[in-house]
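Only one structure is covered here, and it is reproduced in the block below.
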Amino acid sequence: MLAKKLLEAAGNATQPNYIEDVFSTYLYTGNGTSQNIVNGIDLSTKGGLVWCKDRTSAGSHYLFDTVRGVDKALQSDTTAAQLSVGGNGINPFNADGFTVNGNIRINVTSDNYASWTFRKQPKFFDVVTYTGNGGVQNIAHSLGSVPGCIIVKATSFAGTRWSVYHRAAGATPQNGRLALNTTDAYAEYPAVPSFIDLWNNTAPTSTQFTVGASIDTNNSGSTYVALLFAHNAGGFGLTGTDNVISCGTFTTDGSGNATVNLGYEPQFLLIKAVNAVSNWVLLDTMRGWPIQTGGTSKNTLYANDPGAENAIDGIGSYSPTATGFTFDTGAASRTNIYIAIRRGPMKVPTDATKVFAPVTVNNTTGTVNTTGFPIDLQLLRLRALANDTVAVDRLRGISTTTTQGERYLLTDTTDAEAAGTSVTRAWDNTGFQTATGYSGYSDIYWNFRRAPSFFDEVCYTGTGANLSVSHNLGTAPQLWIVKGRNGATDWMVGSSLLANTEYLFLNANLAKQIAGGSAMWNSTYPTASTLYLGTASSVNNSASNTYVAYLFATCAGVSKVGSYTGNGSTQTINCGFTGGARFVLIKRTDSTGDWYVYDTARGMTTLTDPYLLLNSTAAESATLGSVTTVSTGFAVNASILAAINTNGASYIYLAIA
């Protein structure tokens, strides 16, 4: 009903557009023959571009599009003409992705690959072809807005550069050029007189762009392809006003730092310095683009270079934020241009299996475990042995190959964040692999995907003063959990079901606390866009301290943050579900009580099915569960475990369908 009203208010009679329908970063491993890449993007009827790169080995970037047709590739790191790759390319383009074939170029056995898919969609992306006339001509497009960036390459004529028009590259970008296949700085007319012939000193419009007499963009008789990217054109979300792609610029300060405000959290970034020689850096959150301060970014690829992943950029680190990204420790007064794409999904989930999966593993190292969605947060626990609960998440840094490491926290301790290579491995679009050190054990992995109204995560740096932190949950969080990353701190928990001056400890069984509570959440409940922190050192110490916050909310039919009062016997907790709860987290708030965790992967059908504790290293208890799933949610029974249903006691819970 809300969606319908919003659409009517916007005067939009069509279905809303979402970034997850038009863009995807998809990771895959080559198999040497053929495999379907199912990324949910309709290329066969809508059209678009697929860009592939070998991450493991040196090899060119290969770009395929539906206008030029299957098995026709261009290489962004060379000046070569179009290649006909035969059975070693993409064929066909599908309604839910594409198929890679052959055993070379983009499907070498055991090599890891990244693919970026751009679907044709007004106010996002378009691809067109044309034939040069050696003079001046206007090329029509269907972007539906003024392009923020245009990339042109001759397909039949070798030796031509990839000419890039970017709206923010210079004072008169229609007189200048960047080259995607080189590290060259930006230049324009009159410094380079011939550059006026690239775009004929004519800015693009919402229906066409202009090319002049340059052989790089308009050689007589040669064929060309043009990739067009929109800039802050709206067109997405329920109201049709959300931006999902930006073509902007920023300049670093005297220390080489910058903060860029996009108005959204990015999942993809192509960035290039325009006033210095530099690479075209490709970053995305699927391969690993973690929050960091200082140091040097890893997991980088360069559009102009065939090198394997993990080459060092050499000019600093980039970190996504809830509203944009930061650039740290780079060169002073460096001006950069970029193409940024919004993180998805934008749709509010209606199926909990698309955003949460409990997975039990009893196999050996390297076992592939399927969730059906890309993981953003994973809680890992050994079941039969006394052990910590490990928290690993994409935003802080995870492993996307079998050799990379990850950053982890332990929910039952105050320990600072640590780095390792034996927690979890090879996260991709549909699951993960069991890591070294876990062979022969029975494990439980609770896997969460970030999605509006369900779950979000933010990382921030403390200030020591009252602080407002932006988030993208899209609704007011009802349960939020905060942990210091670079120092020993407790895990602090707030809830809309408690007073805004009260808090809990995730790593302890203590009752709700009020001492110093006004300094915890600044006596302010979070809103649909902002989390509020006070001056307590556990959530907001000085500027050298970093934190992570996990935010949960009630999402109809998917999740429920709620409360109940114990009755000392049996009661059903109605969460509004239709198929029962698959995960339940329970905490008593008026007195001491552990953080009990139940899930259907380990069993929630009998009163003796097991539980684990997030605040304790105790091994799984297999005979004292007392929580079962029922169609509307879950039931609690005090006959075996009184602690989860003590008469008159107050409880809060998080349940997921």
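Labels used: A, B, ... for chains in the order of the structure tokens, numbers from 1 for residues in each chain, and numbers from 1 for ligands as shown.
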
Query raised in the report: So which residues touch stretch 181-191 of chain A within 8 Å, counting only C-alpha atoms, skipping near sequence neighbours fewer than 4 positions away, as a VMD selection string?
Result: chain A and resid 76 to 79 161 to 162 169 to 170 172 to 173 175 to 177 195 to 196 273 to 280 303 to 305

Report task. Tell me which protein, DNA and RNA residues are within 7 Å of stretch 30-43 of chain A, counting only C-alpha atoms, leaving out same-chain ones fewer than 6 positions away, and put them as a count of residues only. Result -> 21

Requested in this report: Would you list the contacts of A:Tyr460 as JSON, numbers by chain, taking every protein, DNA or RNA residue within 9 Å and counting only C-alpha atoms, but skipping same-chain residues closer than 3 positions in sequence?
Outcome: {"A": [291, 321, 469, 545, 546, 547, 548, 549]}

I need the residues from that last selection saved to file as a PDB file, in the first residue's frame (with all heavy atoms), if you can.
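The result, written out as result25.pdb:
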ATOM      1  N   ILE A 291      36.412  -0.793   5.008  1.00  0.00           N
ATOM      2  CA  ILE A 291      36.642   0.444   5.743  1.00  0.00           C
ATOM      3  C   ILE A 291      38.048   0.405   6.309  1.00  0.00           C
ATOM      4  O   ILE A 291      38.430  -0.551   6.974  1.00  0.00           O
ATOM      5  CB  ILE A 291      35.643   0.581   6.909  1.00  0.00           C
ATOM      6  CG1 ILE A 291      34.217   0.694   6.379  1.00  0.00           C
ATOM      7  CG2 ILE A 291      36.002   1.745   7.797  1.00  0.00           C
ATOM      8  CD1 ILE A 291      33.889   2.025   5.749  1.00  0.00           C
ATOM      9  N   THR A 321      31.662   4.830   2.747  1.00  0.00           N
ATOM     10  CA  THR A 321      30.931   5.270   3.927  1.00  0.00           C
ATOM     11  C   THR A 321      29.439   5.168   3.620  1.00  0.00           C
ATOM     12  O   THR A 321      29.048   4.880   2.493  1.00  0.00           O
ATOM     13  CB  THR A 321      31.274   6.718   4.313  1.00  0.00           C
ATOM     14  OG1 THR A 321      30.721   7.613   3.324  1.00  0.00           O
ATOM     15  CG2 THR A 321      32.780   6.930   4.409  1.00  0.00           C
ATOM     16  N   VAL A 469      25.720   9.478  13.349  1.00  0.00           N
ATOM     17  CA  VAL A 469      26.287   8.608  12.324  1.00  0.00           C
ATOM     18  C   VAL A 469      25.184   8.213  11.341  1.00  0.00           C
ATOM     19  O   VAL A 469      24.156   7.669  11.733  1.00  0.00           O
ATOM     20  CB  VAL A 469      26.910   7.348  12.950  1.00  0.00           C
ATOM     21  CG1 VAL A 469      27.396   6.392  11.872  1.00  0.00           C
ATOM     22  CG2 VAL A 469      28.061   7.731  13.878  1.00  0.00           C
ATOM     23  N   ASN A 545      39.874   6.245  17.695  1.00  0.00           N
ATOM     24  CA  ASN A 545      39.175   4.993  17.947  1.00  0.00           C
ATOM     25  C   ASN A 545      38.114   4.730  16.883  1.00  0.00           C
ATOM     26  O   ASN A 545      37.334   5.621  16.536  1.00  0.00           O
ATOM     27  CB  ASN A 545      38.523   5.009  19.330  1.00  0.00           C
ATOM     28  CG  ASN A 545      39.552   4.877  20.439  1.00  0.00           C
ATOM     29  OD1 ASN A 545      39.849   3.782  20.899  1.00  0.00           O
ATOM     30  ND2 ASN A 545      40.109   6.005  20.870  1.00  0.00           N
ATOM     31  N   THR A 546      38.076   3.493  16.380  1.00  0.00           N
ATOM     32  CA  THR A 546      37.133   3.124  15.333  1.00  0.00           C
ATOM     33  C   THR A 546      36.116   2.124  15.874  1.00  0.00           C
ATOM     34  O   THR A 546      36.406   1.342  16.783  1.00  0.00           O
ATOM     35  CB  THR A 546      37.858   2.520  14.127  1.00  0.00           C
ATOM     36  OG1 THR A 546      38.646   1.402  14.552  1.00  0.00           O
ATOM     37  CG2 THR A 546      38.762   3.558  13.479  1.00  0.00           C
ATOM     38  N   TYR A 547      34.914   2.123  15.271  1.00  0.00           N
ATOM     39  CA  TYR A 547      33.796   1.334  15.777  1.00  0.00           C
ATOM     40  C   TYR A 547      33.020   0.725  14.613  1.00  0.00           C
ATOM     41  O   TYR A 547      33.062   1.219  13.484  1.00  0.00           O
ATOM     42  CB  TYR A 547      32.846   2.205  16.609  1.00  0.00           C
ATOM     43  CG  TYR A 547      33.487   2.811  17.828  1.00  0.00           C
ATOM     44  CD1 TYR A 547      34.207   4.014  17.750  1.00  0.00           C
ATOM     45  CD2 TYR A 547      33.391   2.192  19.066  1.00  0.00           C
ATOM     46  CE1 TYR A 547      34.811   4.560  18.862  1.00  0.00           C
ATOM     47  CE2 TYR A 547      33.989   2.740  20.197  1.00  0.00           C
ATOM     48  CZ  TYR A 547      34.699   3.925  20.089  1.00  0.00           C
ATOM     49  OH  TYR A 547      35.300   4.469  21.202  1.00  0.00           O
ATOM     50  N   VAL A 548      32.273  -0.329  14.943  1.00  0.00           N
ATOM     51  CA  VAL A 548      31.315  -0.907  14.013  1.00  0.00           C
ATOM     52  C   VAL A 548      29.969  -0.989  14.719  1.00  0.00           C
ATOM     53  O   VAL A 548      29.898  -1.261  15.926  1.00  0.00           O
ATOM     54  CB  VAL A 548      31.758  -2.305  13.516  1.00  0.00           C
ATOM     55  CG1 VAL A 548      31.894  -3.297  14.667  1.00  0.00           C
ATOM     56  CG2 VAL A 548      30.807  -2.825  12.445  1.00  0.00           C
ATOM     57  N   ALA A 549      28.892  -0.741  13.970  1.00  0.00           N
ATOM     58  CA  ALA A 549      27.542  -0.831  14.511  1.00  0.00           C
ATOM     59  C   ALA A 549      26.697  -1.707  13.602  1.00  0.00           C
ATOM     60  O   ALA A 549      26.681  -1.515  12.376  1.00  0.00           O
ATOM     61  CB  ALA A 549      26.919   0.554  14.639  1.00  0.00           C
TER      62      ALA A 549
END

Query raised in the report: Among stretch 155-387 of chain A, which ones does DSSP place in strand (DSSP E), written as a ChimeraX atom specification?
Result: /A:163-166,176-179,187-188,208-211,223-229,245-251,258-261,266-273,281-284,301-302,317-321,324-328,335-342,356-361,368-370,377-382

Query raised in the report: Counting only C-alpha atoms, what is within 9 Å of A:Phe209, bar same-chain residues fewer than 6 positions away, as a list in words?
Result: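 The neighbour list is Gln137, Asn138, Ile139, Ala140, His141, Pro147, Ile150, Trp199, Thr202 and Ala203 of chain A.
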
Grab the residues selected above and save them as an mmCIF file, in the first residue's frame with C-alpha atoms.
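What follows is the written file part_30.cif:
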data_model
loop_
_atom_site.group_PDB
_atom_site.id
_atom_site.type_symbol
_atom_site.label_atom_id
_atom_site.label_comp_id
_atom_site.auth_asym_id
_atom_site.auth_seq_id
_atom_site.Cartn_x
_atom_site.Cartn_y
_atom_site.Cartn_z
ATOM 1 C CA GLN A 137 28.360 14.019 -36.468
ATOM 2 C CA ASN A 138 25.806 13.796 -33.695
ATOM 3 C CA ILE A 139 25.279 10.366 -32.159
ATOM 4 C CA ALA A 140 21.856 9.657 -30.677
ATOM 5 C CA HIS A 141 21.542 7.840 -27.366
ATOM 6 C CA PRO A 147 25.797 11.846 -19.770
ATOM 7 C CA ILE A 150 31.259 8.851 -22.247
ATOM 8 C CA TRP A 199 34.038 16.032 -29.139
ATOM 9 C CA THR A 202 30.240 20.386 -28.036
ATOM 10 C CA ALA A 203 28.845 19.273 -24.705
#

Report task. Name all residues at most 10 Å from stretch 352-354 of chain A (count only C-alpha atoms; drop same-chain ones fewer than 5 positions away) and give them as a list of chain:residue names. Result -> A:Thr371, A:Gly372, A:Phe373, A:Pro374, A:Phe448, A:Arg449, A:Ala451, A:Phe454, A:Cys555, A:Ala556, A:Gly557, A:Val558, A:Ser559, A:Ala581, A:Arg582, A:Ile656, A:Ala657

Query raised in the report: Could you name the residues that touch A:Val50 at 7 Å or less, counting only C-alpha atoms, but leaving out those on the same chain fewer than 3 positions away, as a list in words?
Result: Leu63, Phe64, Asp65, Ser115, Trp116, Thr117 and Phe118 of chain A

Restricting the output to N, CA, C and O atoms, write the selected residues as a PDB file, in the first residue's frame.
ATOM      1  N   LEU A  63      35.651  -6.651 -22.592  1.00  0.00           N
ATOM      2  CA  LEU A  63      34.355  -5.994 -22.555  1.00  0.00           C
ATOM      3  C   LEU A  63      33.487  -6.509 -23.700  1.00  0.00           C
ATOM      4  O   LEU A  63      33.901  -6.486 -24.871  1.00  0.00           O
ATOM      5  N   PHE A  64      32.286  -6.971 -23.351  1.00  0.00           N
ATOM      6  CA  PHE A  64      31.322  -7.492 -24.297  1.00  0.00           C
ATOM      7  C   PHE A  64      30.028  -6.709 -24.138  1.00  0.00           C
ATOM      8  O   PHE A  64      29.646  -6.362 -23.022  1.00  0.00           O
ATOM      9  N   ASP A  65      29.328  -6.461 -25.249  1.00  0.00           N
ATOM     10  CA  ASP A  65      28.043  -5.783 -25.136  1.00  0.00           C
ATOM     11  C   ASP A  65      27.037  -6.376 -26.110  1.00  0.00           C
ATOM     12  O   ASP A  65      27.403  -7.004 -27.107  1.00  0.00           O
ATOM     13  N   SER A 115      33.329  -9.930 -12.659  1.00  0.00           N
ATOM     14  CA  SER A 115      32.555  -9.423 -13.790  1.00  0.00           C
ATOM     15  C   SER A 115      31.683  -8.279 -13.299  1.00  0.00           C
ATOM     16  O   SER A 115      31.136  -8.328 -12.195  1.00  0.00           O
ATOM     17  N   TRP A 116      31.572  -7.252 -14.120  1.00  0.00           N
ATOM     18  CA  TRP A 116      30.710  -6.108 -13.819  1.00  0.00           C
ATOM     19  C   TRP A 116      29.694  -5.997 -14.952  1.00  0.00           C
ATOM     20  O   TRP A 116      30.064  -5.851 -16.121  1.00  0.00           O
ATOM     21  N   THR A 117      28.428  -6.062 -14.627  1.00  0.00           N
ATOM     22  CA  THR A 117      27.362  -6.015 -15.625  1.00  0.00           C
ATOM     23  C   THR A 117      26.596  -4.710 -15.491  1.00  0.00           C
ATOM     24  O   THR A 117      26.119  -4.367 -14.400  1.00  0.00           O
ATOM     25  N   PHE A 118      26.479  -3.989 -16.593  1.00  0.00           N
ATOM     26  CA  PHE A 118      25.731  -2.734 -16.672  1.00  0.00           C
ATOM     27  C   PHE A 118      24.564  -2.945 -17.638  1.00  0.00           C
ATOM     28  O   PHE A 118      24.781  -3.136 -18.836  1.00  0.00           O
TER      29      PHE A 118
END

Requested in this report: Enter the distance from atom CA of A:Leu228 to atom CA of A:Arg342, in Å, rounded to one decimal.
Outcome: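 If I compute the distance from atom CA of A:Leu228 to atom CA of A:Arg342, I get 16.8 Å.
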
Requested in this report: Could you tell me which of A:Leu409, A:Ile644, A:Ala80, A:Ala233 comes closest to A:Ala158 if we count only C-alpha atoms?
Outcome: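 Smallest separation from A:Ala158 among the options: A:Ala80.
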